[in-house]
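Here's the structure, in structure tokens; my notes come after.
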Amino acid sequence: MKHYPFILFYLFCNVFIYAFHGSIWVYLFCFFAFSAVVVWGSFDIELGYFVNSITHKRTRIKEVALTFDDGPTEFTPKFLDLLKEHQIKATFFCIGKQIEKYPETFQRIIAEGHTIGNHTLSHSSSTGFLSTSKMITEIEKCDKIMKNVGNIKTNLYRPPFGVTNPNIAKAIKKTNKVSIGWNVRSLDTIIDDEKKIYNRVTKGLKNGSIILLHDTSEKTFRVLTNLLVFLKDKKYSTFTVDTVINSNIND
């Protein structure tokens, strides 16, 4: 893991400072500063601190990727209708238990040509505290449901909440997944004001951006309606995240 040298360097520096120049307060300050970096690295997927994740596409073309997490849900068909109307393909990171709850919707996502990604079996709130073996189980059980319901296999994986750590990194490697992040986070599950969500997304767009949305509410559906008009007006095309991996392989 690439953070191990940093840990050793940190320990060496602190021993040196404490032994020759510093005090216990200097040591504590360095400890808490380092801890803050680790926590930040765990929650900010763009840093790639524990896992190298694809967070954008390197391109000069005005194109973005629409990605939807946590489905399928009762709202997903409306999202699919809207995407079909605008002839846009998106990437859906699906939860295993939600696939079992809405199998027909999952099959429709596949039938209409959208890309599928693994978003674990249960999207547990304790994801960041699970062991490697439990994380592997979460990923593999979701894979099994996808195969049984949709006869599909995916190497795409998005960590719930964007949380990564050494256990999650090992699980991703052992299940042969590619971690997919984002560089435009809508916060549509936290922010209630649709205008604020829309502004947050549109102001953060760059060529090759990967946008994180959720097909879990009417609120986000209305935001998407306006966002698609914006993309058309600004002449943005769209891509699915699997094409980023394919282009990297070809390069």
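For the structure tokens, the naming scheme is as follows: chains receive sequential letters (A, B, ...) according to their order of presentation, residues are indexed from 1 within each chain, and ligands are indexed from 1 in presentation order.
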
### Task
Any chance you could list, as a list of chain:residue names, the residues in region 148-191 of chain A that come up alpha helix (DSSP H) when DSSP is run on the backbone?
A:Asn148, A:Val149, A:Gly150, A:Pro166, A:Asn167, A:Ile168, A:Ala169, A:Lys170, A:Ala171, A:Ile172, A:Lys173, A:Lys174

Might you pull out every residue within 9 Å of Lys89 (chain A), with only C-alpha atoms counted and same-chain residues fewer than 6 positions away left off, and present them as an mmCIF file with N, CA, C and O atoms, in the first residue's frame?
data_model
loop_
_atom_site.group_PDB
_atom_site.id
_atom_site.type_symbol
_atom_site.label_atom_id
_atom_site.label_comp_id
_atom_site.auth_asym_id
_atom_site.auth_seq_id
_atom_site.Cartn_x
_atom_site.Cartn_y
_atom_site.Cartn_z
ATOM 1 N N ALA A 65 -19.972 12.097 -17.745
ATOM 2 C CA ALA A 65 -20.638 10.826 -17.449
ATOM 3 C C ALA A 65 -21.675 11.032 -16.365
ATOM 4 O O ALA A 65 -21.390 11.637 -15.324
ATOM 5 N N LEU A 66 -22.881 10.534 -16.610
ATOM 6 C CA LEU A 66 -23.933 10.540 -15.604
ATOM 7 C C LEU A 66 -23.921 9.187 -14.903
ATOM 8 O O LEU A 66 -24.024 8.146 -15.550
ATOM 9 N N LEU A 83 -33.925 9.469 -19.658
ATOM 10 C CA LEU A 83 -32.681 9.198 -20.385
ATOM 11 C C LEU A 83 -32.971 8.693 -21.791
ATOM 12 O O LEU A 83 -32.291 9.064 -22.759
ATOM 13 N N GLU A 112 -31.857 -1.476 -22.005
ATOM 14 C CA GLU A 112 -31.807 -0.176 -22.669
ATOM 15 C C GLU A 112 -30.376 0.327 -22.871
ATOM 16 O O GLU A 112 -30.168 1.476 -23.270
ATOM 17 N N GLY A 113 -29.404 -0.546 -22.603
ATOM 18 C CA GLY A 113 -28.027 -0.245 -22.988
ATOM 19 C C GLY A 113 -27.205 0.557 -22.005
ATOM 20 O O GLY A 113 -26.129 1.055 -22.359
ATOM 21 N N HIS A 114 -27.675 0.686 -20.782
ATOM 22 C CA HIS A 114 -26.897 1.400 -19.776
ATOM 23 C C HIS A 114 -25.836 0.478 -19.173
ATOM 24 O O HIS A 114 -25.936 -0.752 -19.255
ATOM 25 N N THR A 115 -24.828 1.073 -18.588
ATOM 26 C CA THR A 115 -23.736 0.312 -17.982
ATOM 27 C C THR A 115 -24.059 0.035 -16.513
ATOM 28 O O THR A 115 -24.634 0.887 -15.829
ATOM 29 N N THR A 238 -22.242 12.720 -23.712
ATOM 30 C CA THR A 238 -22.079 11.892 -22.518
ATOM 31 C C THR A 238 -21.330 10.601 -22.850
ATOM 32 O O THR A 238 -21.316 10.150 -24.004
ATOM 33 N N PHE A 239 -20.715 10.030 -21.818
ATOM 34 C CA PHE A 239 -20.038 8.742 -21.967
ATOM 35 C C PHE A 239 -20.344 7.884 -20.743
ATOM 36 O O PHE A 239 -20.793 8.387 -19.711
ATOM 37 N N THR A 240 -20.136 6.588 -20.860
ATOM 38 C CA THR A 240 -20.292 5.687 -19.719
ATOM 39 C C THR A 240 -18.905 5.320 -19.209
ATOM 40 O O THR A 240 -17.934 5.296 -19.982
#

### Message
as a PyMOL selection string, please: every residue in region 90-139 of chain A that a backbone DSSP assignment puts in strand (DSSP E or B).
### Response
chain A and resi 91-94+115-118

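Taking only C-alpha atoms, the non-local environment of Glu218 (chain A) within 7 Å (same-chain residues fewer than 3 positions away omitted) comprises A:Phe75, A:Phe221, A:Arg222.
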
Skipping near chain neighbours, those fewer than 5 positions away, what residues fall within 10 Å of Gly150 (chain A) using only C-alpha atoms, listed as a compact mmCIF listing (two decimals) with all heavy atoms, in the first residue's frame?
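Final output, saved to out_15.txt:
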# COMPACT_ATOMS: atom_id res chain seq x y z
N ILE A 99 -31.70 -4.85 -6.27
CA ILE A 99 -31.93 -5.62 -7.49
C ILE A 99 -32.96 -6.72 -7.22
O ILE A 99 -33.86 -6.97 -8.03
CB ILE A 99 -30.62 -6.24 -8.01
CG1 ILE A 99 -29.64 -5.14 -8.43
CG2 ILE A 99 -30.89 -7.19 -9.18
CD1 ILE A 99 -28.25 -5.64 -8.77
N PRO A 103 -36.37 -6.51 -9.68
CA PRO A 103 -35.66 -7.23 -10.74
C PRO A 103 -36.02 -6.78 -12.15
O PRO A 103 -35.14 -6.71 -13.02
CB PRO A 103 -36.09 -8.69 -10.51
CG PRO A 103 -37.38 -8.61 -9.75
CD PRO A 103 -37.24 -7.39 -8.89
N GLU A 104 -37.30 -6.46 -12.38
CA GLU A 104 -37.70 -6.03 -13.73
C GLU A 104 -37.03 -4.71 -14.11
O GLU A 104 -36.64 -4.51 -15.27
CB GLU A 104 -39.22 -5.88 -13.81
CG GLU A 104 -39.99 -7.18 -13.64
CD GLU A 104 -40.24 -7.53 -12.18
OE1 GLU A 104 -39.85 -6.74 -11.29
OE2 GLU A 104 -40.83 -8.60 -11.93
N PHE A 106 -34.15 -3.62 -12.98
CA PHE A 106 -32.74 -3.93 -13.25
C PHE A 106 -32.57 -4.48 -14.66
O PHE A 106 -31.65 -4.09 -15.40
CB PHE A 106 -32.22 -4.93 -12.22
CG PHE A 106 -30.77 -5.29 -12.39
CD1 PHE A 106 -29.77 -4.34 -12.15
CD2 PHE A 106 -30.39 -6.57 -12.78
CE1 PHE A 106 -28.42 -4.68 -12.31
CE2 PHE A 106 -29.06 -6.90 -12.94
CZ PHE A 106 -28.08 -5.95 -12.70
N GLN A 107 -33.46 -5.38 -15.05
CA GLN A 107 -33.40 -5.94 -16.39
C GLN A 107 -33.63 -4.87 -17.46
O GLN A 107 -33.02 -4.90 -18.53
CB GLN A 107 -34.43 -7.06 -16.51
CG GLN A 107 -34.10 -8.28 -15.67
CD GLN A 107 -35.26 -9.23 -15.49
OE1 GLN A 107 -36.40 -8.93 -15.91
NE2 GLN A 107 -35.02 -10.37 -14.88
N ARG A 108 -34.48 -3.90 -17.14
CA ARG A 108 -34.73 -2.82 -18.09
C ARG A 108 -33.49 -1.95 -18.26
O ARG A 108 -33.17 -1.52 -19.38
CB ARG A 108 -35.91 -1.97 -17.63
CG ARG A 108 -36.21 -0.84 -18.59
CD ARG A 108 -37.31 0.09 -18.11
NE ARG A 108 -37.35 1.29 -18.96
CZ ARG A 108 -38.10 2.36 -18.72
NH1 ARG A 108 -38.93 2.37 -17.67
NH2 ARG A 108 -38.05 3.39 -19.53
N ILE A 109 -32.78 -1.66 -17.16
CA ILE A 109 -31.55 -0.87 -17.24
C ILE A 109 -30.59 -1.51 -18.24
O ILE A 109 -30.00 -0.84 -19.09
CB ILE A 109 -30.88 -0.76 -15.85
CG1 ILE A 109 -31.75 0.03 -14.89
CG2 ILE A 109 -29.50 -0.08 -15.98
CD1 ILE A 109 -31.25 0.01 -13.45
N ILE A 110 -30.45 -2.83 -18.13
CA ILE A 110 -29.55 -3.55 -19.01
C ILE A 110 -30.06 -3.54 -20.45
O ILE A 110 -29.31 -3.27 -21.39
CB ILE A 110 -29.39 -5.01 -18.52
CG1 ILE A 110 -28.76 -5.03 -17.12
CG2 ILE A 110 -28.54 -5.83 -19.50
CD1 ILE A 110 -28.85 -6.37 -16.44
N ALA A 111 -31.35 -3.82 -20.61
CA ALA A 111 -31.95 -3.91 -21.94
C ALA A 111 -31.84 -2.60 -22.71
O ALA A 111 -31.72 -2.61 -23.95
CB ALA A 111 -33.41 -4.33 -21.82
N LYS A 144 -23.36 -12.08 -7.73
CA LYS A 144 -24.18 -13.28 -7.94
C LYS A 144 -25.62 -12.91 -8.27
O LYS A 144 -26.24 -13.49 -9.17
CB LYS A 144 -24.14 -14.16 -6.69
CG LYS A 144 -24.85 -15.50 -6.87
CD LYS A 144 -24.70 -16.37 -5.64
CE LYS A 144 -25.40 -17.71 -5.83
NZ LYS A 144 -25.24 -18.59 -4.63
N ILE A 145 -26.15 -11.92 -7.57
CA ILE A 145 -27.52 -11.47 -7.84
C ILE A 145 -27.61 -10.86 -9.24
O ILE A 145 -28.57 -11.12 -9.98
CB ILE A 145 -27.97 -10.44 -6.77
CG1 ILE A 145 -28.11 -11.14 -5.41
CG2 ILE A 145 -29.28 -9.78 -7.17
CD1 ILE A 145 -28.30 -10.18 -4.25

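Within the 10 Å cut-off around Ile211 (chain A), using only C-alpha atoms and omitting residues fewer than 2 positions from it on the same chain, the listed residues are Thr55, His56, Val64, Ala65, Leu66, Thr67, Phe68, Gly181, Trp182, Asn183, Val184, Arg185, Ser186, Val201, Thr202, Gly204, Leu205, Gly208, Ser209 and Leu213 of chain A.
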
Can those selected residues be exported to a file as a PDB file, in the first residue's frame so that it contains N, CA, C and O atoms?
ATOM      1  N   THR A  55     -11.872   8.834 -11.489  1.00  0.00           N
ATOM      2  CA  THR A  55     -12.740   9.922 -11.050  1.00  0.00           C
ATOM      3  C   THR A  55     -13.115  10.877 -12.184  1.00  0.00           C
ATOM      4  O   THR A  55     -13.938  11.759 -11.984  1.00  0.00           O
ATOM      5  N   HIS A  56     -12.495  10.706 -13.337  1.00  0.00           N
ATOM      6  CA  HIS A  56     -12.806  11.555 -14.489  1.00  0.00           C
ATOM      7  C   HIS A  56     -12.180  10.925 -15.730  1.00  0.00           C
ATOM      8  O   HIS A  56     -11.428   9.950 -15.623  1.00  0.00           O
ATOM      9  N   VAL A  64     -19.368  14.393 -20.472  1.00  0.00           N
ATOM     10  CA  VAL A  64     -19.455  14.052 -19.054  1.00  0.00           C
ATOM     11  C   VAL A  64     -20.139  12.702 -18.908  1.00  0.00           C
ATOM     12  O   VAL A  64     -20.809  12.224 -19.827  1.00  0.00           O
ATOM     13  N   ALA A  65     -19.972  12.097 -17.745  1.00  0.00           N
ATOM     14  CA  ALA A  65     -20.638  10.826 -17.449  1.00  0.00           C
ATOM     15  C   ALA A  65     -21.675  11.032 -16.365  1.00  0.00           C
ATOM     16  O   ALA A  65     -21.390  11.637 -15.324  1.00  0.00           O
ATOM     17  N   LEU A  66     -22.881  10.534 -16.610  1.00  0.00           N
ATOM     18  CA  LEU A  66     -23.933  10.540 -15.604  1.00  0.00           C
ATOM     19  C   LEU A  66     -23.921   9.187 -14.903  1.00  0.00           C
ATOM     20  O   LEU A  66     -24.024   8.146 -15.550  1.00  0.00           O
ATOM     21  N   THR A  67     -23.757   9.196 -13.589  1.00  0.00           N
ATOM     22  CA  THR A  67     -23.778   7.942 -12.830  1.00  0.00           C
ATOM     23  C   THR A  67     -24.826   8.044 -11.724  1.00  0.00           C
ATOM     24  O   THR A  67     -24.997   9.092 -11.111  1.00  0.00           O
ATOM     25  N   PHE A  68     -25.496   6.921 -11.495  1.00  0.00           N
ATOM     26  CA  PHE A  68     -26.575   6.878 -10.503  1.00  0.00           C
ATOM     27  C   PHE A  68     -26.322   5.749  -9.507  1.00  0.00           C
ATOM     28  O   PHE A  68     -26.101   4.603  -9.908  1.00  0.00           O
ATOM     29  N   GLY A 181     -14.918   6.413  -8.990  1.00  0.00           N
ATOM     30  CA  GLY A 181     -15.314   7.516  -8.121  1.00  0.00           C
ATOM     31  C   GLY A 181     -16.058   8.588  -8.898  1.00  0.00           C
ATOM     32  O   GLY A 181     -16.886   8.280  -9.762  1.00  0.00           O
ATOM     33  N   TRP A 182     -15.727   9.840  -8.628  1.00  0.00           N
ATOM     34  CA  TRP A 182     -16.382  10.972  -9.276  1.00  0.00           C
ATOM     35  C   TRP A 182     -15.545  12.218  -9.004  1.00  0.00           C
ATOM     36  O   TRP A 182     -14.675  12.237  -8.126  1.00  0.00           O
ATOM     37  N   ASN A 183     -15.787  13.258  -9.760  1.00  0.00           N
ATOM     38  CA  ASN A 183     -15.205  14.566  -9.427  1.00  0.00           C
ATOM     39  C   ASN A 183     -16.269  15.655  -9.357  1.00  0.00           C
ATOM     40  O   ASN A 183     -15.951  16.819  -9.125  1.00  0.00           O
ATOM     41  N   VAL A 184     -17.534  15.269  -9.539  1.00  0.00           N
ATOM     42  CA  VAL A 184     -18.658  16.184  -9.308  1.00  0.00           C
ATOM     43  C   VAL A 184     -19.667  15.450  -8.432  1.00  0.00           C
ATOM     44  O   VAL A 184     -20.334  14.508  -8.889  1.00  0.00           O
ATOM     45  N   ARG A 185     -19.753  15.870  -7.183  1.00  0.00           N
ATOM     46  CA  ARG A 185     -20.660  15.215  -6.234  1.00  0.00           C
ATOM     47  C   ARG A 185     -21.861  16.117  -5.985  1.00  0.00           C
ATOM     48  O   ARG A 185     -21.733  17.233  -5.484  1.00  0.00           O
ATOM     49  N   SER A 186     -23.036  15.628  -6.325  1.00  0.00           N
ATOM     50  CA  SER A 186     -24.228  16.467  -6.244  1.00  0.00           C
ATOM     51  C   SER A 186     -24.724  16.676  -4.821  1.00  0.00           C
ATOM     52  O   SER A 186     -25.396  17.676  -4.545  1.00  0.00           O
ATOM     53  N   VAL A 201     -23.830  20.969  -9.328  1.00  0.00           N
ATOM     54  CA  VAL A 201     -23.397  20.108 -10.424  1.00  0.00           C
ATOM     55  C   VAL A 201     -22.896  20.922 -11.605  1.00  0.00           C
ATOM     56  O   VAL A 201     -21.801  20.693 -12.126  1.00  0.00           O
ATOM     57  N   THR A 202     -23.685  21.880 -12.039  1.00  0.00           N
ATOM     58  CA  THR A 202     -23.343  22.619 -13.259  1.00  0.00           C
ATOM     59  C   THR A 202     -22.098  23.488 -13.086  1.00  0.00           C
ATOM     60  O   THR A 202     -21.313  23.653 -14.027  1.00  0.00           O
ATOM     61  N   GLY A 204     -19.585  22.773 -11.217  1.00  0.00           N
ATOM     62  CA  GLY A 204     -18.399  21.933 -11.057  1.00  0.00           C
ATOM     63  C   GLY A 204     -17.991  21.168 -12.299  1.00  0.00           C
ATOM     64  O   GLY A 204     -16.990  20.449 -12.289  1.00  0.00           O
ATOM     65  N   LEU A 205     -18.734  21.320 -13.396  1.00  0.00           N
ATOM     66  CA  LEU A 205     -18.468  20.527 -14.593  1.00  0.00           C
ATOM     67  C   LEU A 205     -17.180  20.935 -15.305  1.00  0.00           C
ATOM     68  O   LEU A 205     -16.869  22.116 -15.448  1.00  0.00           O
ATOM     69  N   GLY A 208     -14.866  15.768 -19.269  1.00  0.00           N
ATOM     70  CA  GLY A 208     -14.539  14.460 -18.723  1.00  0.00           C
ATOM     71  C   GLY A 208     -15.033  14.210 -17.316  1.00  0.00           C
ATOM     72  O   GLY A 208     -14.684  13.188 -16.704  1.00  0.00           O
ATOM     73  N   SER A 209     -15.852  15.106 -16.780  1.00  0.00           N
ATOM     74  CA  SER A 209     -16.351  14.934 -15.414  1.00  0.00           C
ATOM     75  C   SER A 209     -17.212  13.687 -15.266  1.00  0.00           C
ATOM     76  O   SER A 209     -17.971  13.322 -16.169  1.00  0.00           O
ATOM     77  N   LEU A 213     -24.951  11.076  -8.963  1.00  0.00           N
ATOM     78  CA  LEU A 213     -26.349  11.329  -8.646  1.00  0.00           C
ATOM     79  C   LEU A 213     -26.945  10.048  -8.056  1.00  0.00           C
ATOM     80  O   LEU A 213     -26.278   9.014  -8.011  1.00  0.00           O
TER      81      LEU A 213
END

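With only C-alpha atoms as the atoms that count, the minimum distance from Lys134 (chain A) to the choices A:Ile95, A:Asp242, A:His119, A:Ala171 is reached by A:Ala171.
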
### Task
Tell me which protein, DNA and RNA residues are within 7 Å of Ile116 (chain A), counting only C-alpha atoms, leaving out same-chain ones fewer than 3 positions away, and put them as a PyMOL selection string.
chain A and resi 91-93+154

Please produce an output containing C-alpha atoms for each residue in the selection, written as a PDB file, in the first residue's frame.
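What landed in selection.pdb:
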ATOM      1  CA  THR A  91     -23.935   4.138 -15.541  1.00  0.00           C
ATOM      2  CA  PHE A  92     -25.959   2.629 -12.701  1.00  0.00           C
ATOM      3  CA  PHE A  93     -24.194   1.377  -9.574  1.00  0.00           C
ATOM      4  CA  THR A 154     -19.321  -6.280 -14.247  1.00  0.00           C
TER       5      THR A 154
END

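The space between CA of Phe129 (chain A) and CA of Pro160 (chain A) spans 12.1 Å.
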
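The smallest atom-to-atom distance between Ala90 (chain A) and any of A:Asp69, A:Asp143, A:Asp233, A:Glu194, using only C-alpha atoms, is found for A:Asp69.
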
### Message
Could you tell me how far CA of Tyr236 (chain A) sits from CA of Ile88 (chain A), in Å to one decimal place?
### Response
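Between CA of Ile88 (chain A) and CA of Tyr236 (chain A) the gap works out to 11.2 Å.
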
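Minimum atom-to-atom distances from A:Gly96, A:Gly128, A:Gly162, A:Pro77 to Glu140 (chain A) were compared using only C-alpha atoms, and the lowest value belongs to A:Gly96.
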
### Selection: 8 Å around Lys62 (chain A), only C-alpha atoms, excl. self and same-chain fewer than 3 positions, as a list in words
Thr59, Lys206, Asn207, Gly208, Lys235, Tyr236 and Ser237 of chain A

### Coordinates-based distance that separates CA of His123 (chain A) from CA of Asn148 (chain A) (Å, one decimal)
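Straight-line distance from CA of Asn148 (chain A) to CA of His123 (chain A) works out to 19.3 Å.
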